[in-house]
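Student: For reference, this is entry.txt, and it has compact mmCIF, C-alpha atoms and all ligand atoms.
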```
# COMPACT_ATOMS: atom_id res chain seq x y z
CA MET F 24 -7.12 -29.36 7.57
CA MET F 25 -10.87 -29.50 8.10
CA MET F 26 -12.81 -26.40 8.96
CA LEU F 27 -15.06 -25.72 11.84
CA LEU F 28 -18.14 -23.61 11.58
CA LEU F 29 -16.23 -20.39 11.85
CA LEU F 30 -14.67 -20.85 8.46
CA ALA F 31 -17.98 -21.35 6.81
CA ALA F 32 -18.28 -17.63 7.31
CA LEU F 33 -15.94 -15.10 5.78
CA ILE F 34 -12.63 -14.52 7.47
CA PRO F 35 -13.05 -11.40 9.62
CA GLN F 36 -10.52 -8.62 9.23
CA GLN F 37 -10.31 -8.34 12.98
CA VAL F 38 -11.66 -10.10 16.02
CA LEU F 39 -12.97 -8.50 19.15
CA ILE F 40 -11.71 -10.02 22.38
CA ALA F 41 -14.16 -9.21 25.18
CA THR F 42 -13.24 -10.07 28.74
CA PRO F 43 -14.32 -8.77 32.12
CA ARG F 44 -11.11 -6.75 32.01
CA GLY F 45 -12.03 -4.91 28.84
CA GLN F 46 -12.27 -5.23 25.08
CA VAL F 47 -9.56 -5.25 22.43
CA SER F 48 -9.73 -5.50 18.66
CA ILE F 49 -7.05 -7.73 17.15
CA PRO F 50 -6.22 -7.56 13.43
CA VAL F 51 -6.34 -10.78 11.41
CA THR F 52 -3.71 -11.47 8.79
CA THR F 53 -3.86 -13.91 5.89
CA GLU F 54 -0.31 -13.24 4.74
CA ARG F 55 0.51 -16.96 4.85
CA GLY F 56 -2.78 -18.16 3.43
CA ALA F 57 -4.57 -19.33 6.55
CA ALA F 58 -5.89 -16.59 8.81
CA ALA F 59 -3.73 -15.83 11.85
CA VAL F 60 -3.38 -13.39 14.71
CA ALA F 61 -0.27 -12.10 16.45
CA GLY F 62 0.05 -14.04 19.71
CA VAL F 63 1.52 -11.09 21.54
CA LEU F 64 -1.67 -9.09 21.02
CA LEU F 65 -3.65 -11.80 22.78
CA GLY F 66 -1.35 -11.79 25.79
CA GLN F 67 -2.87 -8.98 27.74
CA PRO F 68 -6.60 -9.37 27.02
CA LEU F 69 -6.67 -13.14 27.47
CA GLY F 70 -3.88 -13.56 30.00
CA LEU F 71 -2.19 -15.72 27.40
CA THR F 72 1.47 -16.66 27.63
CA MET F 73 3.65 -18.29 25.01
CA SER F 74 6.97 -20.06 25.08
CA LEU F 75 8.91 -21.09 22.02
CA ASP F 76 11.51 -23.83 22.19
CA GLY F 77 12.92 -24.59 18.75
CA SER F 78 9.78 -25.14 16.72
CA ALA F 79 7.73 -26.25 19.73
CA LEU F 80 5.31 -23.56 20.84
CA ARG F 81 3.40 -23.73 24.11
CA VAL F 82 0.45 -21.45 24.65
CA THR F 83 -1.11 -21.22 28.08
CA LEU F 84 -4.29 -19.51 29.14
CA SER F 85 -6.96 -20.20 31.73
CA GLU F 86 -4.50 -22.72 33.20
CA GLN F 87 -4.77 -24.78 30.04
CA THR F 88 -1.88 -25.55 27.74
CA PHE F 89 -2.02 -25.82 23.98
CA GLU F 90 0.99 -27.25 22.21
CA PHE F 91 1.77 -26.19 18.66
CA ASP F 92 4.62 -26.80 16.29
CA LEU F 93 5.77 -24.12 13.89
CA GLN F 94 5.95 -26.64 11.08
CA SER F 95 2.82 -28.60 11.66
CA PRO F 96 -0.86 -27.71 11.23
CA PHE F 97 -2.00 -29.33 14.44
CA VAL F 98 -2.65 -28.22 17.98
CA ARG F 99 -2.44 -30.59 20.91
CA HIS F 100 -4.56 -30.20 24.01
CA ALA F 101 -4.95 -32.67 26.85
CA GLY F 102 -3.13 -35.29 24.84
CA VAL F 103 -5.31 -35.01 21.74
CA ALA F 104 -4.14 -33.51 18.44
CA TYR F 105 -6.55 -31.37 16.45
CA PRO F 106 -5.99 -30.44 12.82
CA LEU F 107 -5.57 -26.82 11.82
CA VAL F 108 -5.86 -24.99 8.53
CA GLY F 109 -2.32 -23.73 8.88
CA ALA F 110 0.59 -24.00 11.28
CA PRO F 111 1.55 -21.13 13.59
CA TYR F 112 4.52 -19.19 12.28
CA VAL F 113 7.03 -16.51 13.15
CA ALA F 114 7.15 -13.36 11.06
CA ARG F 115 8.89 -10.10 11.92
CA ASP F 116 9.97 -11.57 15.28
CA THR F 117 6.32 -12.18 16.15
CA VAL F 118 4.56 -15.47 16.71
CA PHE F 119 1.32 -15.74 14.77
CA LEU F 120 -1.32 -18.18 15.97
CA PRO F 121 -3.96 -19.71 13.70
CA LEU F 122 -7.24 -17.82 13.90
CA GLN F 123 -8.95 -21.20 13.66
CA TRP F 124 -7.50 -22.15 17.02
CA LEU F 125 -8.62 -18.90 18.65
CA THR F 126 -12.15 -18.93 17.28
CA GLY F 127 -12.69 -22.66 16.77
CA HIS F 128 -10.71 -24.98 19.00
CA LEU F 129 -10.44 -22.69 22.03
CA PRO F 130 -14.18 -21.99 22.45
CA ARG F 131 -15.01 -25.60 21.65
CA LEU F 132 -12.48 -27.21 23.98
CA LEU F 133 -13.00 -24.70 26.77
CA ALA F 134 -16.68 -24.09 26.15
CA SER F 135 -17.38 -23.11 29.73
CA ARG F 136 -14.78 -20.35 29.48
CA TYR F 137 -14.90 -18.95 25.95
CA HIS F 138 -17.66 -18.21 23.52
CA TRP F 139 -17.14 -17.30 19.87
CA ASP F 140 -19.77 -15.38 17.94
CA PRO F 141 -18.90 -15.70 14.23
CA ARG F 142 -21.50 -13.10 13.24
CA LEU F 143 -19.90 -10.43 15.39
CA ALA F 144 -16.36 -11.87 15.08
CA ARG F 145 -16.29 -11.65 18.84
CA LEU F 146 -14.65 -13.92 21.39
CA ASP F 147 -16.06 -13.59 24.89
CA GLU F 148 -14.29 -14.81 27.95
CA VAL F 149 -16.88 -16.01 30.38
CA VAL F 150 -16.09 -15.86 34.05
CA PRO F 151 -17.14 -19.20 35.53
CA ALA F 152 -18.32 -18.35 39.07
CA PRO F 153 -17.98 -14.73 40.12
CA PRO F 154 -15.69 -14.57 43.12
CA ALA F 155 -17.33 -12.89 46.09
CA PRO F 156 -15.97 -9.33 45.89
CA ALA F 157 -15.99 -9.01 42.13
CA VAL F 158 -19.42 -7.53 41.67
CA ALA F 159 -18.38 -5.72 38.51
CA THR F 160 -17.10 -8.77 36.71
CA ARG F 161 -20.23 -9.87 34.94
CA PRO F 162 -19.93 -12.39 32.20
CA ALA F 163 -20.31 -10.65 28.84
CA VAL F 164 -22.29 -13.59 27.51
CA PRO F 165 -24.24 -16.08 29.58
CA PRO F 166 -22.54 -19.45 29.78
CA SER F 167 -25.73 -20.96 28.45
CA ALA F 168 -24.68 -20.07 24.91
CA PRO F 169 -21.56 -22.11 24.32
CA ALA F 170 -20.20 -22.72 20.82
CA LEU F 171 -20.55 -26.44 20.31
CA PRO F 172 -20.43 -27.11 16.60
CA LEU F 173 -20.49 -30.86 17.03
CA ALA F 174 -23.79 -30.63 18.84
CA ALA F 175 -25.47 -29.32 15.70
CA ALA F 176 -28.17 -31.54 14.24
CA PRO F 177 -26.79 -33.75 11.49
CA ASN F 178 -27.70 -33.06 7.89
CA PRO F 179 -30.49 -35.54 7.10
CA LEU F 180 -28.92 -36.49 3.76
CA THR F 181 -25.34 -36.98 4.86
CA GLY F 182 -25.21 -37.20 8.63
CA LEU F 183 -22.59 -34.43 8.61
CA ARG F 184 -22.80 -31.93 11.46
CA LEU F 185 -20.26 -29.31 10.41
CA ALA F 186 -20.12 -26.96 7.46
CA HIS F 187 -17.63 -28.11 4.85
CA THR F 188 -16.26 -26.56 1.70
CA VAL F 189 -14.82 -28.65 -1.11
CA VAL F 190 -12.75 -27.21 -3.95
CA VAL F 191 -13.39 -29.05 -7.20
CA ASP F 192 -10.78 -28.61 -9.89
CA PRO F 193 -11.75 -29.67 -13.44
CA GLY F 194 -8.37 -30.28 -15.08
CA HIS F 195 -7.05 -28.27 -18.05
CA GLY F 196 -9.21 -25.72 -19.93
CA GLY F 197 -8.93 -22.89 -22.42
CA ILE F 198 -5.91 -23.28 -24.69
CA ASP F 199 -4.91 -26.43 -22.79
CA PRO F 200 -7.26 -29.17 -24.01
CA GLY F 201 -5.68 -31.92 -21.94
CA ASN F 202 -5.54 -35.21 -23.74
CA PRO F 203 -7.26 -35.20 -27.12
CA GLY F 204 -9.71 -37.98 -26.46
CA MET F 205 -9.23 -40.67 -29.07
CA HIS F 206 -12.60 -42.16 -28.17
CA PHE F 207 -14.57 -39.04 -27.37
CA PRO F 208 -17.16 -38.06 -30.01
CA ARG F 209 -17.68 -34.63 -31.57
CA GLY F 210 -14.17 -33.34 -30.96
CA LEU F 211 -14.51 -33.46 -27.17
CA THR F 212 -11.25 -33.36 -25.25
CA GLU F 213 -10.20 -34.01 -21.68
CA LYS F 214 -10.97 -30.43 -20.62
CA ASP F 215 -14.64 -30.82 -21.65
CA ILE F 216 -15.12 -34.09 -19.77
CA THR F 217 -13.43 -32.82 -16.60
CA LEU F 218 -15.61 -29.71 -16.66
CA GLY F 219 -18.73 -31.86 -17.12
CA ILE F 220 -17.84 -34.09 -14.18
CA GLY F 221 -16.83 -31.05 -12.13
CA ARG F 222 -20.20 -29.38 -12.63
CA PHE F 223 -22.10 -32.55 -11.78
CA LEU F 224 -19.92 -32.95 -8.70
CA ARG F 225 -20.66 -29.40 -7.60
CA ALA F 226 -24.40 -29.96 -8.00
CA GLU F 227 -24.24 -33.27 -6.14
CA LEU F 228 -22.24 -31.90 -3.22
CA GLN F 229 -24.45 -28.82 -2.95
CA ARG F 230 -27.54 -31.03 -2.94
CA ARG F 231 -26.02 -32.71 0.10
CA GLY F 232 -25.52 -29.39 1.88
CA LEU F 233 -21.80 -28.88 1.25
CA SER F 234 -20.26 -25.68 -0.08
CA VAL F 235 -18.35 -26.02 -3.33
CA VAL F 236 -15.84 -23.85 -5.11
CA LEU F 237 -15.04 -24.72 -8.72
CA THR F 238 -11.58 -23.62 -9.88
CA ARG F 239 -13.21 -23.07 -13.27
CA SER F 240 -16.83 -23.31 -14.32
CA THR F 241 -16.16 -22.44 -17.96
CA ASP F 242 -13.64 -23.30 -20.64
CA THR F 243 -10.80 -21.21 -19.27
CA LEU F 244 -7.22 -21.99 -18.31
CA ILE F 245 -6.27 -21.71 -14.66
CA ASP F 246 -2.54 -22.16 -14.18
CA LEU F 247 -1.40 -25.09 -12.09
CA ALA F 248 0.13 -22.89 -9.42
CA SER F 249 -3.12 -20.98 -8.90
CA ARG F 250 -5.44 -23.98 -8.76
CA PRO F 251 -4.57 -25.00 -5.18
CA THR F 252 -4.87 -21.40 -3.98
CA PHE F 253 -8.61 -21.84 -4.37
CA CYS F 254 -8.24 -24.16 -1.41
CA ARG F 255 -7.08 -21.91 1.38
CA ALA F 256 -8.89 -20.74 4.47
CA ASP F 257 -12.40 -21.76 3.59
CA CYS F 258 -11.70 -25.20 2.20
CA ASP F 259 -11.66 -28.70 3.63
CA LEU F 260 -10.36 -30.62 0.70
CA PHE F 261 -9.24 -30.37 -2.88
CA VAL F 262 -10.35 -32.71 -5.65
CA SER F 263 -8.82 -32.44 -9.12
CA ILE F 264 -10.47 -34.29 -12.00
CA HIS F 265 -8.62 -35.60 -15.02
CA ILE F 266 -8.93 -38.13 -17.81
CA ASN F 267 -6.13 -40.56 -18.47
CA SER F 268 -4.61 -41.67 -21.76
CA MET F 269 -2.05 -44.25 -22.85
CA PRO F 270 0.81 -43.42 -25.19
CA PRO F 271 0.82 -45.11 -28.63
CA GLY F 272 1.84 -48.75 -28.40
CA ARG F 273 0.50 -52.25 -28.14
CA ARG F 274 -1.55 -51.67 -25.00
CA GLN F 275 -2.73 -48.19 -25.91
CA THR F 276 -6.39 -48.99 -26.46
CA GLN F 277 -6.61 -51.88 -23.98
CA VAL F 278 -5.78 -50.14 -20.73
CA ASN F 279 -8.91 -48.85 -19.00
CA GLY F 280 -10.35 -47.93 -15.64
CA VAL F 281 -10.15 -45.38 -12.86
CA GLU F 282 -7.34 -44.52 -10.48
CA THR F 283 -7.03 -41.90 -7.75
CA TYR F 284 -3.80 -40.15 -6.88
CA PHE F 285 -2.49 -38.35 -3.88
CA VAL F 286 0.76 -36.47 -3.97
CA SER F 287 4.12 -38.05 -3.21
CA ASP F 288 7.14 -39.19 -5.16
CA ALA F 289 6.06 -41.39 -8.05
CA LYS F 290 6.77 -45.04 -7.35
CA THR F 291 6.31 -46.68 -10.74
CA GLU F 292 6.90 -45.82 -14.37
CA ASP F 293 3.17 -45.68 -14.95
CA GLN F 294 2.62 -43.26 -12.07
CA GLN F 295 5.48 -41.12 -13.35
CA ARG F 296 3.90 -41.08 -16.83
CA VAL F 297 0.56 -39.81 -15.50
CA ALA F 298 2.21 -37.15 -13.36
CA GLU F 299 4.33 -35.91 -16.24
CA MET F 300 1.29 -35.78 -18.49
CA GLU F 301 -0.75 -33.71 -16.03
CA ASN F 302 2.16 -31.47 -15.05
CA ASP F 303 2.68 -30.88 -18.76
CA ALA F 304 -0.10 -28.29 -18.56
CA LEU F 305 2.73 -26.02 -17.38
CA ARG F 306 3.74 -25.46 -20.97
CA PHE F 307 0.53 -23.53 -21.58
CA GLU F 308 1.34 -21.13 -18.77
CA PRO F 309 3.29 -17.90 -18.91
CA ALA F 310 6.84 -18.54 -17.70
CA ALA F 311 6.34 -16.19 -14.77
CA THR F 312 3.96 -18.55 -13.02
CA ILE F 313 6.43 -21.44 -12.90
CA GLN F 314 8.38 -20.38 -9.88
CA HIS F 315 7.56 -23.03 -7.39
CA GLY F 316 10.98 -24.61 -7.54
CA PRO F 317 11.65 -28.30 -7.79
CA LEU F 318 8.89 -30.51 -6.50
CA GLY F 319 11.33 -32.09 -4.10
CA PHE F 320 11.47 -28.79 -2.28
CA ILE F 321 7.71 -28.66 -1.94
CA LEU F 322 7.58 -32.26 -0.78
CA ASN F 323 10.17 -31.59 1.88
CA ASP F 324 7.81 -29.08 3.38
CA LEU F 325 6.92 -30.75 6.64
CA GLN F 326 3.49 -29.21 6.67
CA LEU F 327 2.63 -31.04 3.49
CA ASN F 328 3.55 -34.38 5.03
CA GLU F 329 0.83 -33.92 7.60
CA TYR F 330 -1.74 -34.01 4.84
CA LEU F 331 -0.42 -37.09 3.11
CA ARG F 332 -2.09 -39.58 5.37
CA GLU F 333 -5.40 -37.74 5.16
CA SER F 334 -5.05 -37.45 1.39
CA ALA F 335 -4.35 -41.16 1.11
CA ARG F 336 -7.49 -41.97 3.10
CA LEU F 337 -9.62 -39.61 1.01
CA ALA F 338 -8.17 -41.19 -2.15
CA GLU F 339 -9.00 -44.66 -0.89
CA LEU F 340 -12.64 -43.80 -0.17
CA VAL F 341 -13.19 -41.96 -3.44
CA GLN F 342 -11.45 -44.64 -5.50
CA GLY F 343 -13.61 -47.37 -3.97
CA LYS F 344 -16.83 -45.53 -4.79
CA VAL F 345 -15.88 -44.56 -8.35
CA ALA F 346 -14.50 -47.99 -9.20
CA ALA F 347 -17.85 -49.47 -8.19
CA VAL F 348 -19.74 -47.55 -10.91
CA HIS F 349 -17.02 -47.48 -13.56
CA PRO F 350 -17.10 -49.81 -16.59
CA GLY F 351 -13.31 -50.18 -16.51
CA GLU F 352 -10.84 -51.63 -14.06
CA ASP F 353 -10.26 -50.59 -10.48
CA ARG F 354 -6.68 -49.40 -10.81
CA GLY F 355 -6.51 -48.45 -7.17
CA VAL F 356 -4.94 -45.61 -5.24
CA GLN F 357 -1.72 -44.30 -6.71
CA GLN F 358 0.91 -41.80 -5.72
CA GLY F 359 2.49 -39.23 -7.97
CA PRO F 360 4.30 -35.90 -7.82
CA PHE F 361 1.47 -33.71 -9.08
CA LEU F 362 2.16 -30.03 -8.95
CA VAL F 363 -1.53 -29.25 -8.73
CA LEU F 364 -1.77 -31.27 -5.50
CA ALA F 365 1.58 -30.42 -3.96
CA ALA F 366 0.69 -26.82 -3.24
CA ALA F 367 -2.71 -27.51 -1.70
CA ARG F 368 -2.64 -27.22 2.06
CA ARG F 369 -5.47 -29.68 2.51
CA PRO F 370 -6.14 -33.31 1.83
CA ALA F 371 -5.89 -33.28 -1.94
CA ILE F 372 -6.52 -35.95 -4.54
CA LEU F 373 -6.55 -36.25 -8.29
CA VAL F 374 -9.06 -38.60 -9.90
CA GLU F 375 -8.10 -40.02 -13.30
CA ALA F 376 -11.65 -40.93 -14.18
CA GLY F 377 -10.92 -43.26 -17.10
CA PHE F 378 -8.95 -43.60 -20.33
CA ALA F 379 -9.76 -41.54 -23.39
CA THR F 380 -7.66 -44.07 -25.32
CA ASN F 381 -10.03 -46.91 -24.45
CA ARG F 382 -13.25 -47.24 -26.42
CA GLU F 383 -15.53 -48.27 -23.57
CA ASP F 384 -14.13 -45.76 -21.06
CA GLY F 385 -14.28 -42.99 -23.67
CA ALA F 386 -17.91 -43.68 -24.52
CA PHE F 387 -18.88 -43.77 -20.83
CA LEU F 388 -17.03 -40.54 -20.02
CA ALA F 389 -18.52 -38.68 -22.98
CA THR F 390 -22.12 -39.17 -21.81
CA ALA F 391 -23.85 -36.97 -19.28
CA SER F 392 -25.05 -40.05 -17.43
CA GLY F 393 -21.51 -41.42 -17.20
CA GLN F 394 -20.20 -38.10 -15.93
CA GLN F 395 -23.01 -37.88 -13.42
CA ARG F 396 -22.39 -41.39 -12.11
CA ILE F 397 -18.72 -40.62 -11.61
CA ALA F 398 -19.55 -37.31 -9.89
CA THR F 399 -22.06 -38.97 -7.56
CA ALA F 400 -19.52 -41.65 -6.66
CA ILE F 401 -16.84 -39.03 -5.94
CA ALA F 402 -19.37 -37.20 -3.74
CA ASP F 403 -20.07 -40.46 -1.87
CA GLY F 404 -16.34 -40.85 -1.20
CA ILE F 405 -15.99 -37.24 -0.04
CA VAL F 406 -18.93 -37.46 2.35
CA GLY F 407 -17.58 -40.75 3.69
CA TYR F 408 -14.26 -39.12 4.38
CA LEU F 409 -15.83 -36.08 6.07
CA LEU F 410 -17.98 -38.31 8.28
CA GLU F 411 -14.85 -40.13 9.42
CA PHE F 412 -13.20 -36.81 10.10
CA GLU F 413 -16.13 -35.52 12.15
CA ARG F 414 -16.15 -38.73 14.14
CA LYS F 415 -12.47 -38.20 14.96
CA LEU F 416 -13.21 -34.63 16.01
CA ALA F 417 -16.06 -35.74 18.24
CA ILE F 418 -13.83 -38.25 19.97
CA GLY F 419 -11.03 -35.72 20.25
CA SER F 420 -13.24 -32.98 21.65
CA GLY F 421 -13.88 -34.84 24.87
CA GLY F 422 -17.62 -34.34 24.91
CA GLY F 423 -17.91 -36.20 28.19
CA GLN F 424 -15.79 -39.09 27.03
CA ALA F 425 -12.82 -40.38 28.94
CA ARG F 426 -9.48 -39.22 27.65
ZN ZN C 1 -5.32 -34.15 -17.26
```
Using structure tokens, write down the structure from this file.
Ligand SMILES: [Zn+2]

Tutor:
Amino acid sequence: MMMLLLLAALIPQQVLIATPRGQVSIPVTTERGAAAVAGVLLGQPLGLTMSLDGSALRVTLSEQTFEFDLQSPFVRHAGVAYPLVGAPYVARDTVFLPLQWLTGHLPRLLASRYHWDPRLARLDEVVPAPPAPAVATRPAVPPSAPALPLAAAPNPLTGLRLAHTVVVDPGHGGIDPGNPGMHFPRGLTEKDITLGIGRFLRAELQRRGLSVVLTRSTDTLIDLASRPTFCRADCDLFVSIHINSMPPGRRQTQVNGVETYFVSDAKTEDQQRVAEMENDALRFEPAATIQHGPLGFILNDLQLNEYLRESARLAELVQGKVAAVHPGEDRGVQQGPFLVLAAARRPAILVEAGFATNREDGAFLATASGQQRIATAIADGIVGYLLEFERKLAIGSGGGQAR
């Protein structure tokens, strides 16, 4: 899920483990998306032991136990669960542990014992009080330099203390125009409006000190399967932007307003319609890219379920902010089986920022000021969500508070 400071930097190809017993370089793999290290390689340098019981994985070091689950991107320590970018996994008979745990959670939760230097990609084990005879065992780094990301001064604009990266995905593009935009002037289509809002959103988030990755910054087509891959290691959340439309019929031009989706099985006919419309972008893609199998399979992925609650909360905050500045109705938070969201391994939402089939919505969406207001409102929702998340982290990290 959310990143700590370490992921604001590039993923190192290897990490150096430095202890009073010696130094070892451990390779980092990103074969499953999120960066990971082979647990067995940490055994000797860190005195780390692992036990696997079904999917339950216990990791012990420095007399502390960390509980993982092979299917769940969380680690539990002292009764508190902390989100991870990716779950630990077994490959080639080897258990791989999330790098984020090693370089983020471990030095933060056991700050008196471990220190992570992201610049050097180096984890130091600090010996607390040198036992009498051990003259040679000098701490590699003084304990006065602990990694305490939450102690960083808050950003004056947002109050956020951690570095965050948001992936912004302007829907459609290139040969896929999205919906044609009955009420957009000058031949504008959905893809132009989503790109406009996406660029404003990038500018707004950057102004507030967040890092932003746009899946496209020009009129190009990114296939649906690739869009979520922009949100991997260095990404806290994924926001896809689209414009709605109603099919021909009595209510076609009347329906208006904004709604925000997170991924799940569609519950109503209307939700199903929107999901089918957005997933329809698949027909612009080469057949080779459509190999993700039935959505049901993706949804059954337990790891994805862990993000649903977070996605729903993000959707709620963003929807509230956008609805407040939108000329149309507040159509609320919706659920739908969106392919573009299903593959993201982060809280992921899709904002349907208004109806191109409604005159007032269309006019609002086609103006730069309308796009900017929507982008600013989405940014408000995102920052609100991240603040909540950081608060949870601060509570979870102990920080002198009772457990
Ligand atoms: Zn769309």

Student: Would you mind listing the residues within 6 Å of ligand ZN 1 (chain C), counting only C-alpha atoms and all ligand atoms, as an MDAnalysis selection string?

Tutor: chainID F and resid 194 201 265:266 301

Student: With a distance cut-off of 9 Å and only C-alpha atoms, select the neighbouring residues of range 227-234 of chain F, excluding the residue or stretch itself and same-chain residues fewer than 5 positions from it, and output the selection as a list in words.

Tutor: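 Listed by chain and then number, they are Ala31, Asn178, Pro179, Leu180, Thr181, Leu183, Ala186, His187, Thr188, Val189, Val190, Arg222, Cys258, Gln395, Ala398, Thr399, Ala402, Asp403, Ile405 and Val406 of chain F.
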
Student: Counting all atoms listed in the file, what is within 7 Å of Ala338 in chain F, bar same-chain residues fewer than 6 positions away, as a list in words?

Tutor: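 Listed by chain and then number, they are Thr283, Tyr284, Phe285, Val356 and Ile372 of chain F.
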
Student: Under the rule that only C-alpha atoms are counted, which of F:Val103, F:Phe412, F:Ile220, F:Pro43 is the nearest residue to Tyr137 in chain F?

Tutor: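 Of F:Val103, F:Phe412, F:Ile220, F:Pro43, the one nearest Tyr137 in chain F is F:Pro43, counting only C-alpha atoms.
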
Student: Give me, please, the distance in Å between CA of Pro141 in chain F and CA of Thr126 in chain F, quoted to one decimal.

Tutor: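 One can read the CA of Pro141 in chain F to CA of Thr126 in chain F distance as 8.1 Å.
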
Student: In Å, rounded to a single decimal, give me how far CA of Thr52 in chain F is from CA of Leu69 in chain F.

Tutor: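 Taking CA of Leu69 in chain F as the start and CA of Thr52 in chain F as the end point, the length is 19.0 Å.
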
Student: Rounded to one decimal in Å, what is the spacing between CA of Val278 in chain F and CA of Phe387 in chain F?

Tutor: 14.6 Å

Student: Quick one: of F:Thr380, F:Ile40, F:Ile401, F:Leu260, who's nearest to His138 in chain F, counting all atoms listed in the file?

Tutor: F:Ile40

Student: Enumerate, as a list of chain:residue names, the protein, DNA and RNA residues whose atoms approach (4.1, -14.9, 22.6) to within 6 Å, taking into account all atoms listed in the file and the coordinate frame of the file.

Tutor: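 Checking each residue against the 6 Å limit leaves F:Gly62, F:Val63, F:Thr72, F:Met73, F:Val118.
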
Student: Would you put the residues from that selection into a file with C-alpha atoms, as a short mmCIF file (atom, residue, chain, number, x, y, z; two decimals), keeping the file's coordinate frame?

Tutor:
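The resulting file, selection-v6.cif, is reproduced below:
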```
data_model
loop_
_atom_site.label_atom_id
_atom_site.label_comp_id
_atom_site.auth_asym_id
_atom_site.auth_seq_id
_atom_site.Cartn_x
_atom_site.Cartn_y
_atom_site.Cartn_z
CA GLY F 62 0.05 -14.04 19.71
CA VAL F 63 1.52 -11.09 21.54
CA THR F 72 1.47 -16.66 27.63
CA MET F 73 3.65 -18.29 25.01
CA VAL F 118 4.56 -15.47 16.71
#
```

Student: Of the candidates F:Ile198, F:Leu39, F:Phe361, F:Val262, which one gets nearest to Arg142 in chain F if we count all atoms listed in the file?

Tutor: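 The shortest atom-to-atom distance to Arg142 in chain F comes from F:Leu39.
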
Student: Compile the contact shell of Val113 in chain F as a PyMOL selection string: residues with an atom at most 10 Å away, counting only C-alpha atoms, same-chain residues fewer than 6 positions apart removed.

Tutor: chain F and resi 61-62+78+93+119-120

Student: Please save C-alpha atoms of the selected residues as a short mmCIF file (atom, residue, chain, number, x, y, z; two decimals), in the frame of the given file.

Tutor:
```cif
data_model
loop_
_atom_site.label_atom_id
_atom_site.label_comp_id
_atom_site.auth_asym_id
_atom_site.auth_seq_id
_atom_site.Cartn_x
_atom_site.Cartn_y
_atom_site.Cartn_z
CA ALA F 61 -0.27 -12.10 16.45
CA GLY F 62 0.05 -14.04 19.71
CA SER F 78 9.78 -25.14 16.72
CA LEU F 93 5.77 -24.12 13.89
CA PHE F 119 1.32 -15.74 14.77
CA LEU F 120 -1.32 -18.18 15.97
#
```
